[in-house]
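Colleague: So that you have it, the file is start_26.txt, and it contains compact mmCIF, C-alpha atoms:
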# COMPACT_ATOMS: atom_id res chain seq x y z
CA MET A 1 92.27 91.18 85.94
CA ARG A 2 90.67 89.09 83.23
CA ALA A 3 87.59 90.18 81.28
CA GLY A 4 87.00 92.94 83.82
CA ALA A 5 87.09 90.56 86.80
CA ILE A 6 89.77 90.27 89.43
CA VAL A 7 91.45 86.86 89.39
CA PRO A 8 93.85 85.36 91.93
CA ARG A 9 97.57 85.48 91.28
CA PRO A 10 98.99 82.13 90.15
CA PRO A 11 100.92 80.17 92.77
CA ALA A 12 104.71 80.36 92.87
CA SER A 13 106.43 77.79 90.68
CA ALA A 14 109.77 77.88 92.54
CA VAL A 15 110.81 74.86 94.58
CA LEU A 16 113.76 74.42 96.91
CA ASP A 17 115.63 71.14 96.40
CA GLY A 18 118.40 70.97 99.00
CA MET A 19 120.46 74.07 98.27
CA THR A 20 119.15 74.53 94.72
CA LEU A 21 116.19 76.64 93.66
CA ARG A 22 114.43 75.04 90.68
CA GLN A 23 111.52 75.98 88.43
CA LEU A 24 112.25 79.68 88.86
CA PRO A 25 110.08 81.96 86.75
CA ALA A 26 112.86 83.57 84.71
CA PRO A 27 113.45 86.40 85.06
CA CYS A 28 112.78 86.85 88.75
CA ARG A 29 114.20 88.58 91.79
CA LEU A 30 115.80 86.62 94.61
CA ILE A 31 116.05 88.22 98.02
CA LEU A 32 118.66 86.45 100.12
CA ASP A 33 118.70 87.51 103.77
CA GLY A 34 117.20 90.87 102.76
CA THR A 35 119.52 91.61 99.82
CA PRO A 36 117.87 91.58 96.35
CA TYR A 37 119.53 89.97 93.32
CA PRO A 38 118.20 89.73 89.75
CA CYS A 39 118.02 86.16 88.47
CA PRO A 40 117.63 85.48 84.73
CA GLU A 41 117.92 81.69 85.13
CA GLU A 42 115.39 78.89 85.81
CA SER A 43 117.59 77.40 88.56
CA CYS A 44 120.04 78.75 91.12
CA GLU A 45 122.57 76.99 93.35
CA LEU A 46 122.62 78.65 96.77
CA SER A 47 125.66 79.18 98.98
CA PHE A 48 126.16 81.41 101.99
CA ALA A 49 129.33 82.89 103.48
CA HIS A 50 128.22 82.33 107.08
CA PRO A 51 126.51 79.38 108.76
CA GLY A 52 123.06 79.86 110.22
CA ARG A 53 119.45 80.20 109.17
CA HIS A 54 118.86 82.04 105.87
CA GLN A 55 115.68 83.35 104.27
CA ILE A 56 115.20 83.12 100.50
CA VAL A 57 112.38 85.04 98.80
CA VAL A 58 111.47 84.59 95.12
CA GLU A 59 109.48 87.40 93.48
CA ALA A 60 108.14 87.33 89.91
CA TRP A 61 104.93 89.18 89.15
CA PRO A 62 102.21 87.99 88.68
CA GLN A 63 103.12 84.81 90.57
CA GLN A 64 102.70 84.74 94.32
CA THR A 65 105.85 85.30 96.35
CA ALA A 66 107.68 82.14 97.46
CA ILE A 67 109.51 82.16 100.80
CA PHE A 68 111.98 79.48 101.85
CA GLU A 69 114.35 79.02 104.76
CA VAL A 70 117.55 76.99 104.92
CA THR A 71 120.02 76.27 107.69
CA THR A 72 123.69 75.92 106.83
How does this structure look as structure tokens?

Modeller:
Amino acid sequence: MRAGAIVPRPPASAVLDGMTLRQLPAPCRLILDGTPYPCPEESCELSFAHPGRHQIVVEAWPQQTAIFEVTT
């Protein structure tokens, strides 16, 4: 809300570059395959214990939620 008017949430700044999340809005919350993790950094190298398709969600109010998917 700005000056009494509702305004849209800004777009997510996070980008997925290979297996690295960049331009994270620090601090944020990463949700990897349904499990939440706090992230105080502006970048994060991803790795997964099991091969397959993985969902990555980046949440940082007021930005919009970013959703990515990787296959390992």

Colleague: Write out as a ChimeraX atom specification which residues come within 8 Å of A:Gln55 when counting all atoms listed in the file, dropping same-chain ones fewer than 5 positions away.

Modeller: /A:31-34,67-70

Colleague: Could you name the residues that touch stretch 8-21 of chain A at 8 Å or less, counting all atoms listed in the file, but leaving out those on the same chain fewer than 5 positions away, as a ChimeraX atom specification?

Modeller: /A:43-47,58,62-66,68,70

Colleague: In Å to one decimal, how far is atom CA of A:Phe48 from atom CA of A:Thr72?

Modeller: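 Atom CA of A:Thr72 sits 7.7 Å away from atom CA of A:Phe48.
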
Colleague: If you count all atoms listed in the file, which residues fall within 10 Å of A:Pro40, apart from same-chain ones fewer than 2 positions away, as a VMD selection string?

Modeller: chain A and resid 24 to 29 37 to 38 42 to 44

Colleague: Take every atom of stretch 59-70 of chain A listed in the file, pad by 8 Å on each side, and give me the axis-aligned box centre and edge lengths in Å, one decimal, as lines of an AutoDock Vina configuration file.

Modeller:
center_x = 109.9
center_y = 83.1
center_z = 96.8
size_x = 31.3
size_y = 28.2
size_z = 32.2

Colleague: For the atom pair atom CA of A:Trp61 and atom CA of A:Glu41, what is the interatomic distance in Å to one decimal place?

Modeller: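 Computing the Euclidean distance for atom CA of A:Trp61 and atom CA of A:Glu41 yields 15.5 Å.
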
Colleague: Just to confirm, what's the straight-line distance from atom CA of A:Ala3 to atom CA of A:Glu59 in Å (one decimal)?

Modeller: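 According to the coordinates, atom CA of A:Ala3 and atom CA of A:Glu59 are separated by 25.2 Å.
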
Colleague: For A:Val57, which residue out of A:Pro36, A:Gln23, A:Val7, A:Arg2 is the nearest one, using all atoms listed in the file?

Modeller: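 Under the stated criterion, the closest residue is A:Pro36.
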
Colleague: What would stretch 18-34 of chain A look like with N, CA and C atoms restored, written as an mmCIF file, keeping the file's coordinate frame?

Modeller:
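Result written to out.cif:
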data_model
loop_
_atom_site.group_PDB
_atom_site.id
_atom_site.type_symbol
_atom_site.label_atom_id
_atom_site.label_comp_id
_atom_site.auth_asym_id
_atom_site.auth_seq_id
_atom_site.Cartn_x
_atom_site.Cartn_y
_atom_site.Cartn_z
ATOM 1 N N GLY A 18 117.106 70.867 98.318
ATOM 2 C CA GLY A 18 118.400 70.970 99.000
ATOM 3 C C GLY A 18 118.845 72.410 99.033
ATOM 4 N N MET A 19 119.954 72.703 98.361
ATOM 5 C CA MET A 19 120.460 74.070 98.270
ATOM 6 C C MET A 19 120.335 74.618 96.845
ATOM 7 N N THR A 20 119.382 74.072 96.086
ATOM 8 C CA THR A 20 119.150 74.530 94.720
ATOM 9 C C THR A 20 117.701 74.968 94.560
ATOM 10 N N LEU A 21 117.516 76.178 94.031
ATOM 11 C CA LEU A 21 116.190 76.640 93.660
ATOM 12 C C LEU A 21 115.927 76.168 92.237
ATOM 13 N N ARG A 22 114.785 75.543 92.014
ATOM 14 C CA ARG A 22 114.430 75.040 90.680
ATOM 15 C C ARG A 22 113.066 75.606 90.281
ATOM 16 N N GLN A 23 112.774 75.522 89.001
ATOM 17 C CA GLN A 23 111.520 75.980 88.430
ATOM 18 C C GLN A 23 111.286 77.467 88.710
ATOM 19 N N LEU A 24 112.377 78.238 88.670
ATOM 20 C CA LEU A 24 112.250 79.680 88.860
ATOM 21 C C LEU A 24 111.585 80.303 87.644
ATOM 22 N N PRO A 25 110.716 81.269 87.870
ATOM 23 C CA PRO A 25 110.080 81.960 86.750
ATOM 24 C C PRO A 25 111.026 83.026 86.197
ATOM 25 N N ALA A 26 111.852 82.650 85.242
ATOM 26 C CA ALA A 26 112.860 83.570 84.710
ATOM 27 C C ALA A 26 112.228 84.626 83.811
ATOM 28 N N PRO A 27 112.581 85.887 84.009
ATOM 29 C CA PRO A 27 113.450 86.400 85.060
ATOM 30 C C PRO A 27 112.661 86.590 86.361
ATOM 31 N N CYS A 28 113.402 86.612 87.454
ATOM 32 C CA CYS A 28 112.780 86.850 88.750
ATOM 33 C C CYS A 28 113.764 87.619 89.618
ATOM 34 N N ARG A 29 113.329 87.917 90.832
ATOM 35 C CA ARG A 29 114.200 88.580 91.790
ATOM 36 C C ARG A 29 114.310 87.682 93.009
ATOM 37 N N LEU A 30 115.544 87.382 93.393
ATOM 38 C CA LEU A 30 115.800 86.620 94.610
ATOM 39 C C LEU A 30 116.203 87.596 95.696
ATOM 40 N N ILE A 31 115.664 87.409 96.874
ATOM 41 C CA ILE A 31 116.050 88.220 98.020
ATOM 42 C C ILE A 31 116.631 87.260 99.042
ATOM 43 N N LEU A 32 117.949 87.353 99.228
ATOM 44 C CA LEU A 32 118.660 86.450 100.120
ATOM 45 C C LEU A 32 119.045 87.213 101.380
ATOM 46 N N ASP A 33 118.448 86.823 102.501
ATOM 47 C CA ASP A 33 118.700 87.510 103.770
ATOM 48 C C ASP A 33 118.544 89.016 103.640
ATOM 49 N N GLY A 34 117.517 89.447 102.882
ATOM 50 C CA GLY A 34 117.200 90.870 102.760
ATOM 51 C C GLY A 34 117.875 91.602 101.627
#
